[in-house]
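Colleague: This is query13.pdb, which holds PDB, C-alpha atoms, pLDDT in the B column:
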MODEL        1
ATOM      1  CA  MET N1435      62.973 -70.438 -16.312  1.00 49.00           C
ATOM      2  CA  THR N1436      62.503 -67.603 -18.731  1.00 49.00           C
ATOM      3  CA  ASP N1437      61.264 -64.171 -17.737  1.00 47.00           C
ATOM      4  CA  THR N1438      58.292 -64.530 -20.069  1.00 56.00           C
ATOM      5  CA  GLU N1439      56.961 -67.693 -18.434  1.00 90.00           C
ATOM      6  CA  LEU N1440      56.831 -66.303 -14.868  1.00 96.00           C
ATOM      7  CA  VAL N1441      54.293 -63.564 -14.134  1.00 97.00           C
ATOM      8  CA  HIS N1442      54.036 -61.811 -10.751  1.00 98.00           C
ATOM      9  CA  THR N1443      50.763 -60.340  -9.553  1.00 97.00           C
ATOM     10  CA  ILE N1444      50.400 -58.237  -6.412  1.00 98.00           C
ATOM     11  CA  ILE N1445      46.872 -57.912  -5.089  1.00 97.00           C
ATOM     12  CA  ARG N1446      45.348 -56.779  -1.836  1.00 97.00           C
ATOM     13  CA  HIS N1447      44.973 -59.701   0.526  1.00 92.00           C
ATOM     14  CA  THR N1448      41.274 -58.857   0.845  1.00 93.00           C
ATOM     15  CA  GLU N1449      40.859 -59.398  -2.921  1.00 96.00           C
ATOM     16  CA  LEU N1450      41.845 -63.076  -2.853  1.00 94.00           C
ATOM     17  CA  SER N1451      39.024 -65.342  -3.943  1.00 93.00           C
ATOM     18  CA  PRO N1452      37.659 -67.465  -1.088  1.00 93.00           C
ATOM     19  CA  GLU N1453      38.854 -70.603  -2.907  1.00 93.00           C
ATOM     20  CA  LEU N1454      42.419 -69.340  -3.365  1.00 91.00           C
ATOM     21  CA  ALA N1455      42.535 -67.990   0.211  1.00 90.00           C
ATOM     22  CA  ALA N1456      41.473 -71.409   1.535  1.00 90.00           C
ATOM     23  CA  GLU N1457      44.040 -73.196  -0.649  1.00 89.00           C
ATOM     24  CA  ILE N1458      46.815 -70.883   0.521  1.00 86.00           C
ATOM     25  CA  GLU N1459      45.779 -71.267   4.170  1.00 85.00           C
ATOM     26  CA  ASP N1460      45.888 -75.059   3.814  1.00 84.00           C
ATOM     27  CA  HIS N1461      49.435 -74.922   2.413  1.00 82.00           C
ATOM     28  CA  TYR N1462      50.517 -72.510   5.159  1.00 81.00           C
ATOM     29  CA  GLN N1463      49.060 -74.709   7.927  1.00 78.00           C
ATOM     30  CA  GLN N1464      51.055 -77.681   6.619  1.00 80.00           C
ATOM     31  CA  THR N1465      54.293 -75.842   5.839  1.00 80.00           C
ATOM     32  CA  PHE N1466      54.512 -73.385   8.737  1.00 82.00           C
ATOM     33  CA  ALA N1467      53.047 -75.536  11.522  1.00 68.00           C
ATOM     34  CA  PHE N1468      56.049 -74.961  13.809  1.00 71.00           C
ATOM     35  CA  GLU N1469      55.926 -71.186  13.393  1.00 76.00           C
ATOM     36  CA  ILE N1470      52.145 -71.062  13.770  1.00 68.00           C
ATOM     37  CA  ASN N1471      52.309 -73.108  16.958  1.00 72.00           C
ATOM     38  CA  ARG N1472      55.186 -71.064  18.424  1.00 78.00           C
ATOM     39  CA  ILE N1473      53.603 -67.641  17.789  1.00 87.00           C
ATOM     40  CA  LYS N1474      49.814 -67.809  17.897  1.00 86.00           C
ATOM     41  CA  GLU N1475      48.793 -64.504  16.277  1.00 92.00           C
ATOM     42  CA  TRP N1476      50.308 -63.246  13.037  1.00 91.00           C
ATOM     43  CA  THR N1477      49.683 -60.111  10.986  1.00 93.00           C
ATOM     44  CA  VAL N1478      47.203 -60.470   8.158  1.00 92.00           C
ATOM     45  CA  ALA N1479      49.191 -59.237   5.160  1.00 95.00           C
ATOM     46  CA  GLU N1480      48.115 -56.176   3.201  1.00 97.00           C
ATOM     47  CA  TRP N1481      49.142 -57.679  -0.126  1.00 98.00           C
ATOM     48  CA  MET N1482      49.783 -61.072  -1.621  1.00 97.00           C
ATOM     49  CA  LEU N1483      52.398 -61.518  -4.342  1.00 98.00           C
ATOM     50  CA  ILE N1484      51.405 -64.503  -6.454  1.00 97.00           C
ATOM     51  CA  SER N1485      53.739 -65.816  -9.134  1.00 98.00           C
ATOM     52  CA  TYR N1486      52.168 -67.737 -12.007  1.00 97.00           C
ATOM     53  CA  VAL N1487      53.357 -69.927 -14.832  1.00 97.00           C
ATOM     54  CA  GLY N1488      50.379 -69.980 -17.154  1.00 95.00           C
ATOM     55  CA  ASP N1489      47.262 -70.389 -15.006  1.00 92.00           C
ATOM     56  CA  GLU N1490      49.063 -72.184 -12.167  1.00 94.00           C
ATOM     57  CA  TRP N1491      50.459 -70.337  -9.158  1.00 95.00           C
ATOM     58  CA  VAL N1492      54.006 -71.422  -8.345  1.00 96.00           C
ATOM     59  CA  SER N1493      55.085 -69.112  -5.513  1.00 96.00           C
ATOM     60  CA  LEU N1494      53.501 -66.875  -2.857  1.00 96.00           C
ATOM     61  CA  ILE N1495      54.712 -64.059  -0.622  1.00 97.00           C
ATOM     62  CA  GLU N1496      52.732 -62.057   1.921  1.00 96.00           C
ATOM     63  CA  LEU N1497      53.623 -58.344   2.072  1.00 98.00           C
ATOM     64  CA  SER N1498      52.940 -55.720   4.722  1.00 98.00           C
ATOM     65  CA  LYS N1499      54.055 -52.184   5.517  1.00 98.00           C
ATOM     66  CA  ARG N1500      54.358 -50.795   9.029  1.00 97.00           C
ATOM     67  CA  GLU N1501      56.160 -48.284  11.154  1.00 98.00           C
ATOM     68  CA  ILE N1502      58.082 -50.161  13.825  1.00 98.00           C
ATOM     69  CA  THR N1503      60.605 -48.809  16.300  1.00 98.00           C
ATOM     70  CA  VAL N1504      64.247 -49.773  16.637  1.00 98.00           C
ATOM     71  CA  GLY N1505      65.986 -48.454  19.713  1.00 97.00           C
ATOM     72  CA  GLY N1506      62.872 -46.341  20.333  1.00 97.00           C
ATOM     73  CA  LEU N1507      63.129 -44.551  16.971  1.00 97.00           C
ATOM     74  CA  PRO N1508      60.464 -44.951  14.253  1.00 98.00           C
ATOM     75  CA  LEU N1509      61.378 -46.845  11.105  1.00 98.00           C
ATOM     76  CA  LEU N1510      59.148 -47.641   8.115  1.00 97.00           C
ATOM     77  CA  VAL N1511      59.644 -51.262   7.036  1.00 98.00           C
ATOM     78  CA  GLY N1512      58.103 -53.660   4.580  1.00 98.00           C
ATOM     79  CA  GLY N1513      57.285 -57.028   6.064  1.00 98.00           C
ATOM     80  CA  ILE N1514      57.749 -60.224   4.100  1.00 97.00           C
ATOM     81  CA  GLY N1515      56.093 -63.378   5.347  1.00 94.00           C
ATOM     82  CA  GLY N1516      54.667 -66.665   4.196  1.00 91.00           C
ATOM     83  CA  VAL N1517      57.217 -67.201   1.411  1.00 94.00           C
ATOM     84  CA  TYR N1518      56.012 -70.438  -0.126  1.00 93.00           C
ATOM     85  CA  THR N1519      56.620 -72.496  -3.251  1.00 94.00           C
ATOM     86  CA  PRO N1520      54.846 -75.854  -3.677  1.00 93.00           C
ATOM     87  CA  GLU N1521      57.238 -78.781  -3.598  1.00 91.00           C
ATOM     88  CA  GLN N1522      56.774 -79.654  -7.276  1.00 94.00           C
ATOM     89  CA  HIS N1523      57.933 -76.143  -8.263  1.00 95.00           C
ATOM     90  CA  ARG N1524      60.966 -75.830  -5.983  1.00 93.00           C
ATOM     91  CA  GLY N1525      64.474 -75.528  -7.394  1.00 94.00           C
ATOM     92  CA  LYS N1526      63.341 -73.593 -10.469  1.00 95.00           C
ATOM     93  CA  GLY N1527      64.158 -70.078  -9.243  1.00 95.00           C
ATOM     94  CA  TYR N1528      60.549 -69.037  -8.684  1.00 97.00           C
ATOM     95  CA  ALA N1529      60.999 -68.020  -5.033  1.00 94.00           C
ATOM     96  CA  HIS N1530      64.120 -65.970  -5.828  1.00 95.00           C
ATOM     97  CA  ALA N1531      62.336 -64.184  -8.671  1.00 97.00           C
ATOM     98  CA  ALA N1532      59.295 -63.554  -6.468  1.00 97.00           C
ATOM     99  CA  LEU N1533      61.491 -62.221  -3.653  1.00 97.00           C
ATOM    100  CA  ARG N1534      63.259 -59.841  -6.035  1.00 97.00           C
ATOM    101  CA  ARG N1535      59.855 -58.549  -7.170  1.00 98.00           C
ATOM    102  CA  ALA N1536      58.671 -58.243  -3.550  1.00 98.00           C
ATOM    103  CA  MET N1537      61.792 -56.282  -2.592  1.00 97.00           C
ATOM    104  CA  ALA N1538      61.296 -53.922  -5.548  1.00 98.00           C
ATOM    105  CA  PHE N1539      57.631 -53.429  -4.604  1.00 98.00           C
ATOM    106  CA  LEU N1540      58.463 -52.600  -0.994  1.00 98.00           C
ATOM    107  CA  CYS N1541      61.597 -50.516  -1.623  1.00 98.00           C
ATOM    108  CA  GLU N1542      60.638 -48.648  -4.794  1.00 97.00           C
ATOM    109  CA  GLU N1543      56.847 -48.510  -4.775  1.00 98.00           C
ATOM    110  CA  GLN N1544      56.144 -48.426  -1.027  1.00 98.00           C
ATOM    111  CA  ARG N1545      59.338 -46.475  -0.249  1.00 97.00           C
ATOM    112  CA  VAL N1546      60.245 -48.281   2.949  1.00 98.00           C
ATOM    113  CA  ALA N1547      63.711 -47.978   4.490  1.00 97.00           C
ATOM    114  CA  PHE N1548      64.118 -51.728   4.973  1.00 98.00           C
ATOM    115  CA  ALA N1549      62.381 -54.963   4.114  1.00 98.00           C
ATOM    116  CA  MET N1550      62.185 -57.326   7.076  1.00 98.00           C
ATOM    117  CA  LEU N1551      61.329 -60.990   7.640  1.00 97.00           C
ATOM    118  CA  LEU N1552      61.541 -63.756  10.195  1.00 95.00           C
ATOM    119  CA  CYS N1553      62.900 -67.210   9.435  1.00 93.00           C
ATOM    120  CA  GLY N1554      64.482 -70.297  10.923  1.00 90.00           C
ATOM    121  CA  ASP N1555      68.165 -71.147  10.503  1.00 91.00           C
ATOM    122  CA  HIS N1556      67.430 -73.496   7.580  1.00 88.00           C
ATOM    123  CA  ARG N1557      66.171 -70.549   5.460  1.00 89.00           C
ATOM    124  CA  VAL N1558      68.913 -67.976   6.194  1.00 95.00           C
ATOM    125  CA  SER N1559      71.116 -68.863   3.206  1.00 93.00           C
ATOM    126  CA  LEU N1560      68.194 -68.443   0.772  1.00 89.00           C
ATOM    127  CA  TYR N1561      67.791 -64.815   1.836  1.00 95.00           C
ATOM    128  CA  GLN N1562      71.501 -64.065   2.249  1.00 96.00           C
ATOM    129  CA  GLY N1563      71.948 -64.964  -1.409  1.00 93.00           C
ATOM    130  CA  LEU N1564      69.686 -62.009  -2.235  1.00 94.00           C
ATOM    131  CA  GLY N1565      71.513 -59.503  -0.022  1.00 95.00           C
ATOM    132  CA  TRP N1566      69.623 -59.954   3.246  1.00 97.00           C
ATOM    133  CA  GLN N1567      71.425 -59.930   6.588  1.00 97.00           C
ATOM    134  CA  VAL N1568      70.632 -61.418   9.984  1.00 98.00           C
ATOM    135  CA  VAL N1569      70.411 -58.792  12.712  1.00 97.00           C
ATOM    136  CA  GLY N1570      70.891 -59.640  16.354  1.00 92.00           C
ATOM    137  CA  ASN N1571      68.564 -57.040  17.841  1.00 94.00           C
ATOM    138  CA  PRO N1572      66.134 -58.397  20.416  1.00 95.00           C
ATOM    139  CA  ALA N1573      62.583 -58.123  19.121  1.00 97.00           C
ATOM    140  CA  ARG N1574      59.230 -57.573  20.786  1.00 97.00           C
ATOM    141  CA  TYR N1575      55.788 -58.113  19.270  1.00 97.00           C
ATOM    142  CA  GLN N1576      52.190 -57.955  20.421  1.00 96.00           C
ATOM    143  CA  GLN N1577      49.624 -60.662  21.022  1.00 95.00           C
ATOM    144  CA  THR N1578      46.121 -60.461  22.479  1.00 94.00           C
ATOM    145  CA  THR N1579      47.617 -61.658  25.758  1.00 94.00           C
ATOM    146  CA  GLY N1580      50.198 -58.813  25.784  1.00 94.00           C
ATOM    147  CA  ASP N1581      53.716 -58.145  24.540  1.00 94.00           C
ATOM    148  CA  ASP N1582      56.071 -61.048  23.962  1.00 94.00           C
ATOM    149  CA  VAL N1583      59.733 -61.456  22.996  1.00 95.00           C
ATOM    150  CA  LEU N1584      60.660 -63.149  19.729  1.00 94.00           C
ATOM    151  CA  PRO N1585      61.772 -66.735  20.445  1.00 91.00           C
ATOM    152  CA  PRO N1586      65.467 -67.485  19.746  1.00 90.00           C
ATOM    153  CA  GLU N1587      64.650 -69.971  16.974  1.00 90.00           C
ATOM    154  CA  PHE N1588      63.503 -67.072  14.774  1.00 93.00           C
ATOM    155  CA  ASN N1589      66.081 -64.967  12.927  1.00 95.00           C
ATOM    156  CA  VAL N1590      65.252 -61.355  12.119  1.00 97.00           C
ATOM    157  CA  MET N1591      66.591 -60.592   8.643  1.00 97.00           C
ATOM    158  CA  VAL N1592      66.629 -57.218   6.917  1.00 98.00           C
ATOM    159  CA  TYR N1593      67.300 -55.872   3.461  1.00 98.00           C
ATOM    160  CA  SER N1594      68.386 -52.244   3.197  1.00 97.00           C
ATOM    161  CA  CYS N1595      66.491 -50.362   0.511  1.00 97.00           C
ATOM    162  CA  GLY N1596      69.061 -47.576   0.423  1.00 94.00           C
ATOM    163  CA  ASN N1597      72.335 -49.049   1.668  1.00 87.00           C
ATOM    164  CA  GLN N1598      71.851 -47.514   5.126  1.00 93.00           C
ATOM    165  CA  PRO N1599      73.017 -49.569   8.103  1.00 95.00           C
ATOM    166  CA  TRP N1600      70.469 -51.268  10.323  1.00 97.00           C
ATOM    167  CA  PRO N1601      70.114 -49.343  13.617  1.00 96.00           C
ATOM    168  CA  GLU N1602      71.017 -50.699  17.049  1.00 96.00           C
ATOM    169  CA  GLY N1603      68.488 -51.325  19.790  1.00 97.00           C
ATOM    170  CA  GLU N1604      65.416 -53.388  20.525  1.00 97.00           C
ATOM    171  CA  ILE N1605      62.956 -53.943  17.689  1.00 98.00           C
ATOM    172  CA  ASP N1606      59.320 -53.319  18.548  1.00 98.00           C
ATOM    173  CA  PHE N1607      57.002 -54.633  15.840  1.00 97.00           C
ATOM    174  CA  ARG N1608      54.261 -52.402  17.260  1.00 97.00           C
ATOM    175  CA  GLY N1609      51.835 -55.181  16.434  1.00 97.00           C
ATOM    176  CA  ARG N1610      51.830 -58.816  15.475  1.00 96.00           C
ATOM    177  CA  PRO N1611      54.789 -60.309  13.590  1.00 95.00           C
ATOM    178  CA  TRP N1612      54.563 -61.164   9.890  1.00 93.00           C
TER     179      TRP N1612
ENDMDL
END
Give the structure from the file, written as structure tokens.
Modeller:
Amino acid sequence: MTDTELVHTIIRHTELSPELAAEIEDHYQQTFAFEINRIKEWTVAEWMLISYVGDEWVSLIELSKREITVGGLPLLVGGIGGVYTPEQHRGKGYAHAALRRAMAFLCEEQRVAFAMLLCGDHRVSLYQGLGWQVVGNPARYQQTTGDDVLPPEFNVMVYSCGNQPWPEGEIDFRGRPW
């Protein structure tokens, strides 16, 4: 992959065309079925990072920004969710490049303290290779039916935007997870 062939676009989620939104939703339903069935209500992302080679999209990342609490103290974080690369484009470095762009957007442009995501064990090494760390804090999130605790099969991973250590204490998403 050369830098000139991969182009990243960040748009508001509300600006997705209905056709592209439906296509993305179809891919997400197939790829993230376990996650979708385990946690029923997810945050609708503020932005969508779409990576293109020519006219074809090759990687997607949902991005959000929210004040959460950790140990009862407020903390501004950037949420990363729905990281997806179609099977025919995997192994080409597109997801890594898209994640680096997403981290720059959240850390430098949105000025969050940390980027944060949830993933299963099989995805941890992908993010660790980019400087992310698993944190063991218990986490709470909201659903229409009330607060719930993050299931143990989800890892909370964070990326420090300023080399500060992740705080101790329970994480409260103060909303739905991303």
Colleague: Calculate how many Å separate atom CA of N:Pro1572 from atom CA of N:Val1504, rounding to one decimal.
Modeller: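 Value for the atom CA of N:Pro1572-atom CA of N:Val1504 distance: 9.6 Å.
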Colleague: Neighbouring residues of N:Gly1527 were defined as those with any atom within 12 Å, considering all atoms listed in the file; residues of the same chain fewer than 4 positions away were excluded. Please report them as an MDAnalysis selection string.
Modeller: chainID N and resid 1435:1437 1439:1440 1485 1492:1493 1519 1523 1531:1534 1560
Colleague: List as JSON lines every residue of stretch 1505-1531 of chain N that is in contact with stretch 1454-1464 of chain N, defined as an atom at most 12 Å from one of its atoms (using all atoms listed in the file), together with the nearest atom pair and the distance in Å rounded to one decimal, sorted by chain and then rising number.
Modeller:
{"residue": "N:Gly1515", "atom": "CA", "partner": "N:Tyr1462", "partner_atom": "CA", "distance": 10.7}
{"residue": "N:Gly1516", "atom": "CA", "partner": "N:Tyr1462", "partner_atom": "CA", "distance": 7.2}
{"residue": "N:Val1517", "atom": "CA", "partner": "N:Tyr1462", "partner_atom": "CA", "distance": 9.3}
{"residue": "N:Tyr1518", "atom": "CA", "partner": "N:Tyr1462", "partner_atom": "CA", "distance": 7.9}
{"residue": "N:Thr1519", "atom": "CA", "partner": "N:His1461", "partner_atom": "CA", "distance": 9.5}
{"residue": "N:Pro1520", "atom": "CA", "partner": "N:His1461", "partner_atom": "CA", "distance": 8.2}
{"residue": "N:Glu1521", "atom": "CA", "partner": "N:His1461", "partner_atom": "CA", "distance": 10.6}
Colleague: Interatomic distance between atom CA of N:Pro1599 and atom CA of N:Leu1509?
Modeller: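 Between these atoms lies a distance of 12.3 Å.
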Colleague: Any idea what the distance is between atom CA of N:Gln1576 and atom CA of N:Gly1513?
Modeller: 15.3 Å
Colleague: Give me the result of the PyMOL selection byres ((chain N and resi 1609) around 12) on this file, residue by residue, as number ranges by chain.
Modeller: N: 1475-1478, 1498-1503, 1513, 1573-1578, 1580-1582, 1605-1608, 1610-1612
Colleague: Starting from the PyMOL selection byres ((chain N and resi 1535) around 12), expand the selection into actual residues of this file and give them as a PyMOL selection string.
Modeller: chain N and resi 1440-1444+1482-1485+1493-1495+1497+1514+1528-1534+1536-1543+1564
Colleague: Kindly export the residues of the current selection with C-alpha atoms, as a JSON list (two decimals), in the frame of the given file.
Modeller:
[["chain", "number", "residue", "atom", "x", "y", "z"],
["N", 1440, "LEU", "CA", 56.83, -66.30, -14.87],
["N", 1441, "VAL", "CA", 54.29, -63.56, -14.13],
["N", 1442, "HIS", "CA", 54.04, -61.81, -10.75],
["N", 1443, "THR", "CA", 50.76, -60.34, -9.55],
["N", 1444, "ILE", "CA", 50.40, -58.24, -6.41],
["N", 1482, "MET", "CA", 49.78, -61.07, -1.62],
["N", 1483, "LEU", "CA", 52.40, -61.52, -4.34],
["N", 1484, "ILE", "CA", 51.40, -64.50, -6.45],
["N", 1485, "SER", "CA", 53.74, -65.82, -9.13],
["N", 1493, "SER", "CA", 55.08, -69.11, -5.51],
["N", 1494, "LEU", "CA", 53.50, -66.88, -2.86],
["N", 1495, "ILE", "CA", 54.71, -64.06, -0.62],
["N", 1497, "LEU", "CA", 53.62, -58.34, 2.07],
["N", 1514, "ILE", "CA", 57.75, -60.22, 4.10],
["N", 1528, "TYR", "CA", 60.55, -69.04, -8.68],
["N", 1529, "ALA", "CA", 61.00, -68.02, -5.03],
["N", 1530, "HIS", "CA", 64.12, -65.97, -5.83],
["N", 1531, "ALA", "CA", 62.34, -64.18, -8.67],
["N", 1532, "ALA", "CA", 59.30, -63.55, -6.47],
["N", 1533, "LEU", "CA", 61.49, -62.22, -3.65],
["N", 1534, "ARG", "CA", 63.26, -59.84, -6.04],
["N", 1536, "ALA", "CA", 58.67, -58.24, -3.55],
["N", 1537, "MET", "CA", 61.79, -56.28, -2.59],
["N", 1538, "ALA", "CA", 61.30, -53.92, -5.55],
["N", 1539, "PHE", "CA", 57.63, -53.43, -4.60],
["N", 1540, "LEU", "CA", 58.46, -52.60, -0.99],
["N", 1541, "CYS", "CA", 61.60, -50.52, -1.62],
["N", 1542, "GLU", "CA", 60.64, -48.65, -4.79],
["N", 1543, "GLU", "CA", 56.85, -48.51, -4.78],
["N", 1564, "LEU", "CA", 69.69, -62.01, -2.24]]
Colleague: Which residue gives the smallest distance to N:Gln1544 among N:Val1569, N:Val1590, N:Cys1595, N:Leu1450, with all atoms listed in the file counted?
Modeller: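 Looking at the shortest contact to N:Gln1544, the residue is N:Cys1595.
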Colleague: As JSON, please: the centre and edge lengths in Å, to one decimal, of an axis-aligned box enclosing every listed atom of stretch 1442-1450 of chain N with 3 Å added on each side.
Modeller:
{"center_x": 47.4, "center_y": -59.9, "center_z": -5.0, "size_x": 19.2, "size_y": 12.3, "size_z": 17.6}
Colleague: Smallest atom-to-atom distance to N:Glu1449: which of N:Lys1474, N:Ala1479, N:Tyr1561, N:Tyr1593, using all atoms listed in the file?
Modeller: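 Checking each candidate against N:Glu1449, we get N:Ala1479 as the closest.
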Colleague: Taking the file as I've supplied it (selection: the PyMOL selection byres ((chain N and resi 1555) around 12)), which residues are included? Please answer as a PyMOL selection string.
Modeller: chain N and resi 1552-1554+1556-1562+1568+1586-1591
Colleague: For the residues selected in the previous step, produce a file with C-alpha atoms as an mmCIF file, keeping the file's coordinate frame.
Modeller:
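Below is the file part.cif, written as the result:
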data_model
loop_
_atom_site.group_PDB
_atom_site.id
_atom_site.type_symbol
_atom_site.label_atom_id
_atom_site.label_comp_id
_atom_site.auth_asym_id
_atom_site.auth_seq_id
_atom_site.Cartn_x
_atom_site.Cartn_y
_atom_site.Cartn_z
ATOM 1 C CA LEU N 1552 61.541 -63.756 10.195
ATOM 2 C CA CYS N 1553 62.900 -67.210 9.435
ATOM 3 C CA GLY N 1554 64.482 -70.297 10.923
ATOM 4 C CA HIS N 1556 67.430 -73.496 7.580
ATOM 5 C CA ARG N 1557 66.171 -70.549 5.460
ATOM 6 C CA VAL N 1558 68.913 -67.976 6.194
ATOM 7 C CA SER N 1559 71.116 -68.863 3.206
ATOM 8 C CA LEU N 1560 68.194 -68.443 0.772
ATOM 9 C CA TYR N 1561 67.791 -64.815 1.836
ATOM 10 C CA GLN N 1562 71.501 -64.065 2.249
ATOM 11 C CA VAL N 1568 70.632 -61.418 9.984
ATOM 12 C CA PRO N 1586 65.467 -67.485 19.746
ATOM 13 C CA GLU N 1587 64.650 -69.971 16.974
ATOM 14 C CA PHE N 1588 63.503 -67.072 14.774
ATOM 15 C CA ASN N 1589 66.081 -64.967 12.927
ATOM 16 C CA VAL N 1590 65.252 -61.355 12.119
ATOM 17 C CA MET N 1591 66.591 -60.592 8.643
#
Colleague: May I ask which of the residues N:Gly1488, N:Leu1510, N:Ala1547, N:Thr1579 is the closest one to N:Ser1594, counting all atoms listed in the file?
Modeller: N:Ala1547
Colleague: Kindly indicate which residue among N:Thr1465, N:Asp1489, N:Arg1472, N:Trp1481 lies nearest to N:Ile1445, using all atoms listed in the file for the distances.
Modeller: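 Checking each candidate against N:Ile1445, we get N:Trp1481 as the closest.
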Colleague: Tell me which of N:Gly1596, N:Phe1468, N:Leu1584, N:Ile1473 sits closest to N:Asn1571, counting only C-alpha atoms.
Modeller: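 Using only C-alpha atoms, the shortest distance to N:Asn1571 belongs to N:Leu1584.
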Colleague: With distances taken over all atoms listed in the file, which residue among N:Glu1490, N:Val1592, N:Gly1570, N:Phe1466 lies nearest N:Gly1512?
Modeller: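 Among the listed residues, the smallest separation from N:Gly1512 belongs to N:Val1592.
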